[in-house]
Structures are given as structure tokens and as C-alpha cells.
Amino acid sequence: MSSVDVQPPVSEARTSPGFVALFRIEMLLALRKRADIANPLLFFVTVLALLPLGVGPEPDLLAKMAPGMIWVMALLATMLSQESLFRGDFEDGTLEQLTLLPQPLYFAVLAKSLVHWVATGLPLALLSPLLALMLNLPVEGYLCLFISLFLGTASLSLIGAIGAALTVALRRPGLLLALIVMPLYVPVLIFGTGAVQAAIDGYAYSAQLAILAALLAAAAALAPLAAAGAIRISLDN
Amino acid sequence: MSVTSKSPVVLQVRDLACERDGRRLFEGLDFSLPSGAAIQVKGANGAGKTTLLRTLIGSSSDFSGEILWRGNPFPEALRGMRESLLYIGHRGGVRAGLTPLENLTWYGADNESALQALDRVDLFGFEHSLCHSLSAGQNRRVALARMFLPQAPRLWVLDEPLTALDVAGVAALEKQMSAHMDKGGSILLTSHQPLALPGLDFIDLSDFVVDESFTDIGGEHVFS
């Protein structure tokens, strides 16, 4: 180490990253791990492409199953990628450093969840019209499918963060994570598929979308708090 | 600045006992850390050095006794303490997917001071390499570079900072710690190696161990 004698003063308050800085760095990390972005998408596309081979290529049957199948696969794809949300940070000590920031852990969790959504949920929503086409979903459902997935996957990313935080200290959290998170995913799934079904049947679907938006607002406010608490518990042993 | 009886106490511990996984590690620990002072925590492997440090930064809540930050008790004083805290643990908080420069700027440093700090830990030329391509010692230096940032916080809590460092690295670190003390900063660290720090105090956790059979197994008797 060199011996430059610059002696800055001891400061009372430390500098710490703000929300934007946290988001930027998480985004940078996500972009460098492209496989982590590609895996859920590949899973989503592959399973839905295999579906007609499994249940038969009758257009009516596929159209009937499409909203539910697309939503369930989006949910599973989100959950599969959720396991690693905090793992890397836990192993290299960054998670502990995040808990020591003077600002609430809430913002760090919110930033991570948001990046998780941008890297998984958003591409899923963008890809959904293509898969809807493959599954012969009636045209009336496209817009609603996109909007419901756009709102719903954001809730899934936020809710999943709670499960990921609770299981971060475990070596193989897979099944436990699913057991914790699945029940919390159910309302999102119900209103998501409900909205698309209503759109296909020609009914108004704005109520279901409004509920999805309300669920997202509640998840954005509460899930990072719960996840932050869970992280502190996971680290406290 | 030398430590005198008038130096303000920043961190004080009274009758502290810590547990881990239901086992009491040590009890009856009393000490105070004044401004401009450094304390090295010693003890056998598993004696509770890391647990002590993690308790003092508020990461572990399994303790009894009193911890005071500038006279105010935990947990109310925790927030104020964290504003003045630099903690470098066993796991250094260095992200393998980022470069050393990004790792430092993430902690709130500006580019120029981050580059200077990296230069001072001998990572000049590695600023833009990803950390997973660096050696263990170099990664440790990235973590420790936070001590070389301007406006480093007042209280340093360092868990085995010398691990994986070479001789020159240890010397530079000692120098930086000594400079920090001169400026009125306080340091609490664990290490198995002796440190050349003037005015360094010691706490040996083996003196506070509850279960005597534990020291017999883990400490001097087996390894010496």
C-alpha cells in the first residue's frame, strides 16, 4: 500500500447510498447476470409452448385455458427467480451492510424488488401477447392480459421478497419459500385471471384491474417492511 | 490526540452477557471505548468475538446488560450510532459482480476519493476489474478501502481486518488506524495477530467465559 499522507477529518455522519443509487447498482448487477434474467423468461416461454403438445392443439380448449395458464406460469417464473433475491448479498456480507445504513432497510428492499420486477415481471408482461397468440387467446383479452400482468407481477415481486428474506439464511429454501409465498400470491392470481376472463367474455374488467392496482399499492407499502423485518431476524443469529 | 481521562466515552458496555444458539458465550463484560482509543478483542475460536462485535452494532439482539452510545442506551441510541459507524465484518460486503470502484461508490463515496482510497490499498490498475476476478487478499483490500475514504465515520468496528493481508498491507492498515485515532476516532477490532498500534487496549474474552470446559477444549490446551 502506498504511503500518501492525506488525512481527512473524522466525520460525524457517514455518507450512504440513496434510493436511486441503490436502484442503479442493483440494475447494473442484474444486467451483468443476464442468465438470471433469461431463465424465468425461458421457463415461461418453454412451458407455454409445450402446453399445446400436452393437452392437444384444439383452438377452443387452448383459448379457454390461456388466461389461467399464462398467469400461473408467470407466477411460477417469478417465484423461481425469487430465491436468489437476497442470497448473493447475504453470502458476501452486503445484506448486513444494508441493515447498518442509517436509512431504513425498507428502501433497499424496495429497490431490490423493483429491479427484480424490471428484470422478470416486466419482460413477462411484454412477452405475454406473443404467448397469448400461441394459445389462441381471443383478441379482446390482449390488452387486459398485458395490464394485469404488468400490475400483478410487480405485486408478486414485492410479496416474494418477504419469503426470500425469511429463508435467506437457509441452505435450500426452495419448498419452504413456495409454501410461504404461494398463499400470498393467491389474491393476485384470482384477480389477474378474473380480469382477463372478463375481458374475453366482453364484460367490464376495470374493477379487477383496480383491485390489482390496490394490491400493488398495499404490497409496495407493506411488503418491504415485512421483508426488512425478516432480514433482520435472518441475520440475528 | 492521546487518550486522557477527559476523552469522551463513545461506547460503553456494562455487565454484558451474550448468547449464541442458546449457549452463553461470556458474561460480566464491562468496558468503555473513549474517543481516540482502540481496543483489540482477543479470545479462542468460538469465544464470541464476532458475536460481541455484532451485538455492539445492533445486529445481534441475544444479550443482557447495557450498551451505551454516548451515554444513551440501546436500542434507542442505535440509529445515532449507525450514523457514525464503519463496520467491516468477516464477510466484507464486497459484491463480486461489481468493480472495486463501483463497490466503493456504492457506499456513498465520490469517484475521485474512491480512486484515491483504492490507490492507497494498492489496487491501482484494478479499479475496473470485476471483484470475482480478484484474489481473496485483493477483495479484502476492497472492503478495507472504506477506511481510506475521506470522511470515514467515527467508530470503526473491524472483524479480523488483517485476514488475507500481506505484510505491507498490515503496516498500511496500522498506520491508517493510528491516524484515525489521532483524529479522535475510535476502533474496536478482533484479531489473532499482534498489532503495532500505540495505546491499544485489550479485552480477552476468555476471562469472561462462563463454561470453563469450553476453554479447555477450544483454547490453549489443544493448540499449544
# chains A, B, ... in the order shown; residues from 1 in each chain; ligands from 1
call {"tool": "residues_around", "arguments": {"residues": "stretch 50-64 of chain A", "least_positions_apart": "3", "cutoff": "7 Å", "atoms": "only C-alpha atoms", "output": "list of chain:residue names"}}
result
A:Thr46, A:Val47, A:Leu135, A:Asn136, A:Leu137, A:Pro138
call {"tool": "select_by_dssp", "arguments": {"residues": "stretch 56-223 of chain B", "states": "helix (DSSP H, G or I)", "output": "MDAnalysis selection string"}}
result
chainID B and resid 56 78:83 100:106 111:120 131:133 136:148 167:182 205:208 212:218 220:223
call {"tool": "atom_distance", "arguments": {"atom1": "atom CA of A:Cys144", "atom2": "atom CA of A:Ser128"}}
result
10.6 Å
call {"tool": "select_by_dssp", "arguments": {"residues": "stretch 25-180 of chain B", "states": "strand (DSSP E)", "output": "ChimeraX atom specification"}}
result
/B:25-34,38-42,63-69,72-73,85-88,155-159
call {"tool": "residues_around", "arguments": {"residues": "A:Ala198", "least_positions_apart": "2", "cutoff": "12 Å", "atoms": "only C-alpha atoms", "output": "list in words"}}
result
Pro67, Pro138, Glu140, Gly141, Tyr142, Cys144, Leu145, Ser148, Ile190, Phe191, Gly192, Thr193, Gly194, Ala195, Val196, Ile200, Asp201, Gly202, Tyr203, Ala204, Tyr205, Ser206, Ala207, Gln208 and Leu209 of chain A
call {"tool": "write_last_selection", "arguments": {"atoms": "C-alpha atoms", "output": "PDB file, in the first residue's frame"}}
result
ATOM      1  CA  PRO A  67     -55.594 -16.808 -19.224  1.00  0.00           C
ATOM      2  CA  PRO A 138     -59.298 -14.063 -28.108  1.00  0.00           C
ATOM      3  CA  GLU A 140     -60.266  -8.853 -26.653  1.00  0.00           C
ATOM      4  CA  GLY A 141     -58.119 -10.245 -23.865  1.00  0.00           C
ATOM      5  CA  TYR A 142     -54.696  -8.998 -25.029  1.00  0.00           C
ATOM      6  CA  CYS A 144     -56.169  -6.723 -20.282  1.00  0.00           C
ATOM      7  CA  LEU A 145     -53.661  -9.595 -20.070  1.00  0.00           C
ATOM      8  CA  SER A 148     -52.980  -7.324 -15.403  1.00  0.00           C
ATOM      9  CA  ILE A 190     -57.503 -14.680  -8.790  1.00  0.00           C
ATOM     10  CA  PHE A 191     -57.978 -11.063  -9.821  1.00  0.00           C
ATOM     11  CA  GLY A 192     -55.439 -11.328 -12.655  1.00  0.00           C
ATOM     12  CA  THR A 193     -57.121 -14.277 -14.351  1.00  0.00           C
ATOM     13  CA  GLY A 194     -60.547 -12.870 -13.463  1.00  0.00           C
ATOM     14  CA  ALA A 195     -59.789  -9.652 -15.287  1.00  0.00           C
ATOM     15  CA  VAL A 196     -58.632 -11.445 -18.436  1.00  0.00           C
ATOM     16  CA  ILE A 200     -62.677 -12.139 -23.150  1.00  0.00           C
ATOM     17  CA  ASP A 201     -66.340 -12.528 -22.210  1.00  0.00           C
ATOM     18  CA  GLY A 202     -66.950  -8.903 -23.110  1.00  0.00           C
ATOM     19  CA  TYR A 203     -67.560  -7.615 -19.593  1.00  0.00           C
ATOM     20  CA  ALA A 204     -66.003  -4.565 -17.954  1.00  0.00           C
ATOM     21  CA  TYR A 205     -62.725  -5.504 -16.282  1.00  0.00           C
ATOM     22  CA  SER A 206     -61.648  -2.213 -14.786  1.00  0.00           C
ATOM     23  CA  ALA A 207     -62.774  -3.310 -11.298  1.00  0.00           C
ATOM     24  CA  GLN A 208     -60.412  -6.288 -11.293  1.00  0.00           C
ATOM     25  CA  LEU A 209     -57.565  -4.124 -12.582  1.00  0.00           C
TER      26      LEU A 209
END
call {"tool": "closest_residue", "arguments": {"among": "A:Ala119, A:Ile231, A:Leu41, A:Leu176", "to": "chain B", "atoms": "only C-alpha atoms"}}
result
A:Ile231
call {"tool": "residues_around", "arguments": {"residues": "B:Ile88", "least_positions_apart": "6", "cutoff": "10 Å", "atoms": "only C-alpha atoms", "output": "PyMOL selection string"}}
result
(chain A and resi 93+96-97) or (chain B and resi 140+143-144+146-147+156-161+189)
call {"tool": "write_last_selection", "arguments": {"atoms": "N, CA and C atoms", "output": "tab-separated table (two decimals), in the first residue's frame"}}
result
chain	number	residue	atom	x	y	z
A	93	GLY	N	-21.92	-10.52	2.52
A	93	GLY	CA	-21.93	-9.55	3.63
A	93	GLY	C	-22.60	-8.23	3.30
A	96	GLU	N	-25.78	-7.50	5.39
A	96	GLU	CA	-25.51	-6.96	6.73
A	96	GLU	C	-25.18	-5.47	6.66
A	97	GLN	N	-24.41	-5.10	5.64
A	97	GLN	CA	-24.08	-3.67	5.48
A	97	GLN	C	-25.35	-2.86	5.22
B	140	ARG	N	-10.28	-8.43	0.09
B	140	ARG	CA	-10.22	-7.90	1.45
B	140	ARG	C	-9.80	-6.43	1.41
B	143	ALA	N	-12.67	-4.20	0.61
B	143	ALA	CA	-13.50	-3.96	1.80
B	143	ALA	C	-12.83	-2.92	2.70
B	144	LEU	N	-11.51	-3.10	2.90
B	144	LEU	CA	-10.80	-2.22	3.82
B	144	LEU	C	-10.59	-0.82	3.25
B	146	ARG	N	-12.60	1.18	2.45
B	146	ARG	CA	-13.57	2.12	3.03
B	146	ARG	C	-12.95	2.90	4.19
B	147	MET	N	-11.91	2.30	4.82
B	147	MET	CA	-11.23	3.02	5.90
B	147	MET	C	-10.39	4.16	5.35
B	156	TRP	N	-14.96	2.73	14.23
B	156	TRP	CA	-14.65	1.61	13.34
B	156	TRP	C	-14.79	0.32	14.13
B	157	VAL	N	-15.59	-0.60	13.60
B	157	VAL	CA	-15.71	-1.92	14.19
B	157	VAL	C	-15.24	-2.91	13.13
B	158	LEU	N	-14.11	-3.55	13.41
B	158	LEU	CA	-13.46	-4.36	12.38
B	158	LEU	C	-13.30	-5.80	12.86
B	159	ASP	N	-13.86	-6.74	12.11
B	159	ASP	CA	-13.77	-8.14	12.48
B	159	ASP	C	-12.65	-8.79	11.66
B	160	GLU	N	-11.59	-9.14	12.34
B	160	GLU	CA	-10.42	-9.74	11.68
B	160	GLU	C	-9.99	-8.97	10.43
B	161	PRO	N	-9.63	-7.72	10.57
B	161	PRO	CA	-9.29	-6.95	9.37
B	161	PRO	C	-8.01	-7.43	8.69
B	189	LEU	N	-11.65	-3.82	17.41
B	189	LEU	CA	-11.36	-4.83	16.41
B	189	LEU	C	-11.04	-6.17	17.05
